[in-house]
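Undergrad: Got a structure here, written out as structure tokens. Questions coming.
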Amino acid sequence: MYGFIHVIFLMHSAPSASSLNTLGHPPREVLRHIPSDITSAADYECHAIHHVEAGAWKHIQGGTNQNLTLAHNRATFDRLRLLPKPIADVRHAHTSLQLLGHPLSNPILLAPVAYQRLVHPEGELATMRAAMALQTGMVVSTLSSHTLEDIAQAGQAAAAEMGHGAPRWFQLYLQPERAHSLQLLRRAEAAGYTAIVWTVDASIKRSGFPLPYGVDAANLRGMPATQHTSPLQGPILFGTPLMQQTPTWDDLQWLRAHTQLPLIVKGVLSPAIARQAVALGANALVVSNHGGRVLDGVVSPLEVLPAIAQAVGPTIPLLLDSGVRYGTDVVKALALGASAVLIGRPQMHALATAGLLGVAHMLHLLRAEFELAMAHLGCATVTDITPDVLWQRPQA
């Protein structure tokens with residue numbers, strides 16, 4: 001039967017000495033060097049498959065149902081064409097910007113990805129250190145496999161060592177009891193996170209992946225989790241306790257009243273929902289379909305981005321995720337109204353392949369591709385990336 005879970009809090013399986021990767025071989029050790037054939041962030045995927053246990057790989061890679069949304073996210077990026085402008089003064093070009101009052105060296109951030117110890121023992125700690133080394137903002141998941149405090153400390157230490165850092169945000173899944181949600185909120189504030197990212201599109205989803213021994217939702221230890229497996233008879237989803245825990249506008253108002261940090265609503269695809277979220281206190285939005293992992297057959301974030309930008313106006317920052325793999329994707333998102341993008345699965349691919357080094361290298365490749373695209377398009381700053389960089393087909 002279908003298993004529906006709230007906040008994706010998965011049960012543990014017993015440890016296994018015979019785990020194989022999806023190719024039928026024992027997972028390879030994390031590399032200490034970068035393979036010479038990795039020339040883009042997307043290249044990490046074909047290496048990571050060798051390093052990850054088969055069940056975890058399926059969980060990381062999978063969309064939902066027929067994977068239509070998963071494929072459509074990429075197809076939407078690939079359909080757009082760029083229009084180079086080779087005669088332009090880009091001698092003093094840069095990629096820096098301000099986002100929610102904080103400086104960013106570039107408009108690429110790491111999305112909240114759960115359970116990173118599935119692919120590397122250091123999990124989110126290694127990812128955070130790589131992010132700070134590359135001056136890349138990181139959003140830490142409620143479902144991180146290290147505590148939010150330990151991840152924040154790793155980021156602070158790395159930033160101090162490097163002499164530079166980047167914003168660290170906390171992604172929040174509301175818990176069944178508001179007291180526990182408030183506890184997470186206060187912990188994030190105390191740990192020094194500078195924004196709260198409230199995910200609204202994945203509180204209920206299908207899952208059948210048992211977490212391996214030693215991996216858990218570290219931030220939720222001691223908190224109750226609601227799970228439901230639908231029987232042949234009786235309620236499937238409607239009429240179950242899970243439906244009492246879906247996000248509401250009242251939840252947004254409650255969050256807004258309980259934190260002074262910038263509040264970002266993640267998982268918006270509707271212009272009307274975007275407008276209402278801003279009216280009730282959202283400082284920014286993430287246009288996202290959760291990487292195609294929740295509902296099949298929906299629109300891609302890139303398709304609805306212009307309409308959402310028009311609905312909320314130019315003062316509300318919009319971020320976009322779901323399908324970003326290349327520097328040219330970043331350009332396309334910014335051209336259609338995004339302020340920045342979030343990178344999801346590639347960070348797991350890079351972490352699995354070469355740990356901290358892999359994540360840092362993956363981010364470096366994305367930034368290099370982004371800067372190269374800007375140079376060819378005649379864009380000296382991110383504000384120069386407008387719809388004019390996209391080829392518009394003549395109207396029939």
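Letters A, B, ... mark the chains of the structure tokens in the order given; residue numbers begin at 1 per chain; ligand numbers begin at 1, in order shown.
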So which residues touch segment 94-108 of chain A within 8 Å, counting only C-alpha atoms, skipping near sequence neighbours fewer than 6 positions away, as a list in words?
TA: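 What passes the distance filter is Gln135, Thr136, Gly137, Ala166, Pro167, Pro262, Asn283, Pro317, Val330, Ser339, Ala340, Val341, Leu342, Ile343, Arg367, Glu371, Ala380, Thr381 and Val382 of chain A.
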Undergrad: Would you save the residues from that selection as a compact mmCIF listing (two decimals), in the first residue's frame, using C-alpha atoms?
TA:
```txt
# COMPACT_ATOMS: atom_id res chain seq x y z
CA GLN A 135 31.55 31.78 -0.78
CA THR A 136 28.27 30.05 -1.58
CA GLY A 137 25.12 30.40 0.51
CA ALA A 166 28.36 33.26 2.84
CA PRO A 167 24.80 33.34 4.24
CA PRO A 262 13.62 37.11 6.76
CA ASN A 283 10.13 38.41 2.31
CA PRO A 317 13.42 38.38 -4.39
CA VAL A 330 21.52 30.24 -13.99
CA SER A 339 17.42 36.77 -8.19
CA ALA A 340 19.31 33.53 -7.55
CA VAL A 341 19.07 29.76 -8.00
CA LEU A 342 19.34 26.77 -5.68
CA ILE A 343 21.27 23.60 -6.53
CA ARG A 367 30.49 29.59 -11.33
CA GLU A 371 30.83 33.80 -15.74
CA ALA A 380 29.00 42.87 -16.79
CA THR A 381 26.75 42.41 -13.73
CA VAL A 382 23.84 40.19 -12.78
```
Undergrad: So that I can check the secondary structure, give me every residue of segment 59-147 of chain A assigned alpha helix (DSSP H) by backbone DSSP, as a JSON list (two decimals) with N, CA and C atoms, in the first residue's frame.
TA:
```
[["chain", "number", "residue", "atom", "x", "y", "z"],
["A", 59, "HIS", "N", 16.44, 6.76, -4.06],
["A", 59, "HIS", "CA", 15.78, 7.81, -3.29],
["A", 59, "HIS", "C", 16.25, 9.19, -3.74],
["A", 60, "ILE", "N", 17.54, 9.36, -3.96],
["A", 60, "ILE", "CA", 18.10, 10.65, -4.35],
["A", 60, "ILE", "C", 17.65, 11.04, -5.75],
["A", 61, "GLN", "N", 17.70, 10.10, -6.67],
["A", 61, "GLN", "CA", 17.47, 10.40, -8.08],
["A", 61, "GLN", "C", 16.00, 10.48, -8.46],
["A", 68, "LEU", "N", 7.58, 12.50, -15.07],
["A", 68, "LEU", "CA", 7.30, 13.51, -16.08],
["A", 68, "LEU", "C", 7.79, 14.89, -15.64],
["A", 69, "THR", "N", 7.52, 15.23, -14.39],
["A", 69, "THR", "CA", 7.94, 16.53, -13.90],
["A", 69, "THR", "C", 9.46, 16.62, -13.87],
["A", 70, "LEU", "N", 10.10, 15.55, -13.45],
["A", 70, "LEU", "CA", 11.56, 15.50, -13.39],
["A", 70, "LEU", "C", 12.15, 15.79, -14.76],
["A", 71, "ALA", "N", 11.65, 15.14, -15.78],
["A", 71, "ALA", "CA", 12.16, 15.34, -17.14],
["A", 71, "ALA", "C", 11.79, 16.72, -17.68],
["A", 72, "HIS", "N", 10.59, 17.17, -17.35],
["A", 72, "HIS", "CA", 10.11, 18.45, -17.87],
["A", 72, "HIS", "C", 10.93, 19.62, -17.33],
["A", 73, "ASN", "N", 11.40, 19.50, -16.08],
["A", 73, "ASN", "CA", 12.23, 20.56, -15.51],
["A", 73, "ASN", "C", 13.45, 20.82, -16.39],
["A", 74, "ARG", "N", 14.12, 19.75, -16.83],
["A", 74, "ARG", "CA", 15.29, 19.91, -17.68],
["A", 74, "ARG", "C", 14.90, 20.39, -19.07],
["A", 75, "ALA", "N", 13.83, 19.82, -19.62],
["A", 75, "ALA", "CA", 13.43, 20.17, -20.98],
["A", 75, "ALA", "C", 13.12, 21.65, -21.10],
["A", 76, "THR", "N", 12.56, 22.23, -20.04],
["A", 76, "THR", "CA", 12.21, 23.65, -20.10],
["A", 76, "THR", "C", 13.46, 24.51, -20.20],
["A", 77, "PHE", "N", 14.49, 24.16, -19.44],
["A", 77, "PHE", "CA", 15.76, 24.88, -19.57],
["A", 77, "PHE", "C", 16.34, 24.70, -20.97],
["A", 78, "ASP", "N", 16.32, 23.47, -21.46],
["A", 78, "ASP", "CA", 16.98, 23.16, -22.72],
["A", 78, "ASP", "C", 16.31, 23.83, -23.92],
["A", 79, "ARG", "N", 15.02, 24.13, -23.81],
["A", 79, "ARG", "CA", 14.31, 24.76, -24.93],
["A", 79, "ARG", "C", 14.71, 26.21, -25.13],
["A", 124, "GLU", "N", 26.43, 16.87, 5.79],
["A", 124, "GLU", "CA", 26.24, 18.32, 5.71],
["A", 124, "GLU", "C", 27.43, 19.11, 6.22],
["A", 125, "LEU", "N", 28.23, 18.53, 7.10],
["A", 125, "LEU", "CA", 29.41, 19.25, 7.60],
["A", 125, "LEU", "C", 30.39, 19.51, 6.46],
["A", 126, "ALA", "N", 30.63, 18.49, 5.64],
["A", 126, "ALA", "CA", 31.52, 18.66, 4.49],
["A", 126, "ALA", "C", 30.93, 19.62, 3.47],
["A", 127, "THR", "N", 29.64, 19.51, 3.23],
["A", 127, "THR", "CA", 28.99, 20.40, 2.26],
["A", 127, "THR", "C", 29.07, 21.84, 2.72],
["A", 128, "MET", "N", 28.82, 22.09, 3.99],
["A", 128, "MET", "CA", 28.89, 23.45, 4.52],
["A", 128, "MET", "C", 30.30, 24.01, 4.41],
["A", 129, "ARG", "N", 31.31, 23.22, 4.72],
["A", 129, "ARG", "CA", 32.68, 23.71, 4.61],
["A", 129, "ARG", "C", 33.02, 24.06, 3.17],
["A", 130, "ALA", "N", 32.59, 23.23, 2.24],
["A", 130, "ALA", "CA", 32.82, 23.52, 0.82],
["A", 130, "ALA", "C", 32.10, 24.79, 0.41],
["A", 131, "ALA", "N", 30.87, 24.97, 0.88],
["A", 131, "ALA", "CA", 30.09, 26.16, 0.53],
["A", 131, "ALA", "C", 30.79, 27.43, 1.02],
["A", 132, "MET", "N", 31.28, 27.40, 2.25],
["A", 132, "MET", "CA", 31.96, 28.58, 2.78],
["A", 132, "MET", "C", 33.26, 28.85, 2.02],
["A", 133, "ALA", "N", 33.98, 27.79, 1.66],
["A", 133, "ALA", "CA", 35.22, 27.97, 0.90],
["A", 133, "ALA", "C", 34.97, 28.64, -0.43]]
```
Undergrad: Run DSSP on the backbone and grab whatever in segment 118-232 of chain A lands in strand (DSSP E or B); send it over as a list in words.
TA: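 Strand (DSSP E or B) assignments inside segment 118-232 of chain A correspond to Gly137, Met138, Val139, Val140, Arg168, Trp169, Phe170, Gln171, Leu172, Ile196, Val197, Trp198, Thr199, Ile204, Lys205, Arg206, Leu211, Gln227, His228 and Thr229 of chain A.
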Undergrad: Limited to N, CA and C atoms, could you put the picked residues into a file as a compact mmCIF listing (two decimals), in the first residue's frame?
TA:
```txt
# COMPACT_ATOMS: atom_id res chain seq x y z
N GLY A 137 26.15 30.54 -0.52
CA GLY A 137 25.12 30.40 0.51
C GLY A 137 24.59 28.98 0.56
N MET A 138 24.23 28.52 1.76
CA MET A 138 23.72 27.16 1.93
C MET A 138 22.45 27.19 2.78
N VAL A 139 21.47 26.41 2.36
CA VAL A 139 20.22 26.25 3.11
C VAL A 139 20.26 24.87 3.76
N VAL A 140 20.20 24.83 5.08
CA VAL A 140 20.30 23.58 5.84
C VAL A 140 18.91 23.02 6.08
N ARG A 168 24.00 31.61 5.68
CA ARG A 168 23.55 30.27 6.06
C ARG A 168 22.10 30.40 6.51
N TRP A 169 21.20 29.71 5.80
CA TRP A 169 19.78 29.76 6.06
C TRP A 169 19.30 28.41 6.58
N PHE A 170 18.19 28.42 7.28
CA PHE A 170 17.62 27.17 7.79
C PHE A 170 16.26 26.92 7.14
N GLN A 171 16.11 25.72 6.57
CA GLN A 171 14.84 25.32 5.96
C GLN A 171 13.97 24.63 7.00
N LEU A 172 12.73 25.04 7.10
CA LEU A 172 11.83 24.54 8.14
C LEU A 172 10.66 23.76 7.55
N ILE A 196 14.87 32.11 7.40
CA ILE A 196 14.10 30.88 7.53
C ILE A 196 13.42 30.60 6.20
N VAL A 197 13.62 29.38 5.70
CA VAL A 197 13.01 28.96 4.44
C VAL A 197 11.93 27.93 4.76
N TRP A 198 10.68 28.34 4.66
CA TRP A 198 9.56 27.45 5.00
C TRP A 198 9.09 26.72 3.75
N THR A 199 9.26 25.40 3.73
CA THR A 199 8.83 24.59 2.60
C THR A 199 7.37 24.20 2.75
N ILE A 204 3.37 16.39 2.64
CA ILE A 204 2.82 15.05 2.43
C ILE A 204 3.36 14.51 1.11
N LYS A 205 3.99 13.37 1.16
CA LYS A 205 4.49 12.75 -0.07
C LYS A 205 4.62 11.26 0.15
N ARG A 206 4.67 10.53 -0.96
CA ARG A 206 4.86 9.09 -0.89
C ARG A 206 6.32 8.77 -0.66
N LEU A 211 15.64 4.49 6.00
CA LEU A 211 16.97 5.03 6.25
C LEU A 211 17.90 3.94 6.76
N GLN A 227 3.22 9.11 10.67
CA GLN A 227 3.34 8.29 9.47
C GLN A 227 2.00 7.60 9.23
N HIS A 228 1.78 7.24 7.98
CA HIS A 228 0.52 6.59 7.67
C HIS A 228 0.72 5.68 6.47
N THR A 229 0.33 4.45 6.58
CA THR A 229 0.29 3.51 5.46
C THR A 229 -1.15 3.17 5.20
```
Undergrad: Need the shell around segment 216-226 of chain A: protein/DNA/RNA residues with any atom at most 6 Å away, counting only C-alpha atoms. Skip same-chain ones fewer than 2 positions apart. Format as a list of chain:residue names?
TA: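 Counting only the stated atoms, we get A:His6, A:Leu143, A:Ser144, A:Ser145, A:His146, A:Thr147.
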Undergrad: Using only C-alpha atoms for the distances, tell me which of A:Met348, A:Leu23, A:Val200, A:Val30 is nearest to Val113 of chain A.
TA: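 Of all the options, A:Met348 lies closest to Val113 of chain A.
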Undergrad: Give me, please, the distance in Å between atom CA of Val304 of chain A and atom CA of Leu110 of chain A, quoted to one decimal.
TA: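 Atom CA of Leu110 of chain A lies 21.5 Å from atom CA of Val304 of chain A.
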Undergrad: For atom CA of Thr194 of chain A and atom CA of Ala158 of chain A, quote the distance in Å rounded to one decimal.
TA: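 Separation of atom CA of Thr194 of chain A and atom CA of Ala158 of chain A: 16.8 Å.
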Undergrad: Could you check which of A:Ala360, A:Ile34, A:Leu302, A:Ala114 is closest to Ala338 of chain A, using only C-alpha atoms?
TA: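 Smallest separation from Ala338 of chain A among the options: A:Leu302.
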Undergrad: Kindly indicate which residue among A:Gly313, A:Gly344, A:Pro86, A:Gly24 lies nearest to Arg293 of chain A, using only C-alpha atoms for the distances.
TA: A:Gly344
Undergrad: In Å to one decimal, how far is atom CA of Leu31 of chain A from atom CA of His361 of chain A?
TA: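 Separating atom CA of His361 of chain A from atom CA of Leu31 of chain A is a distance of 12.7 Å.
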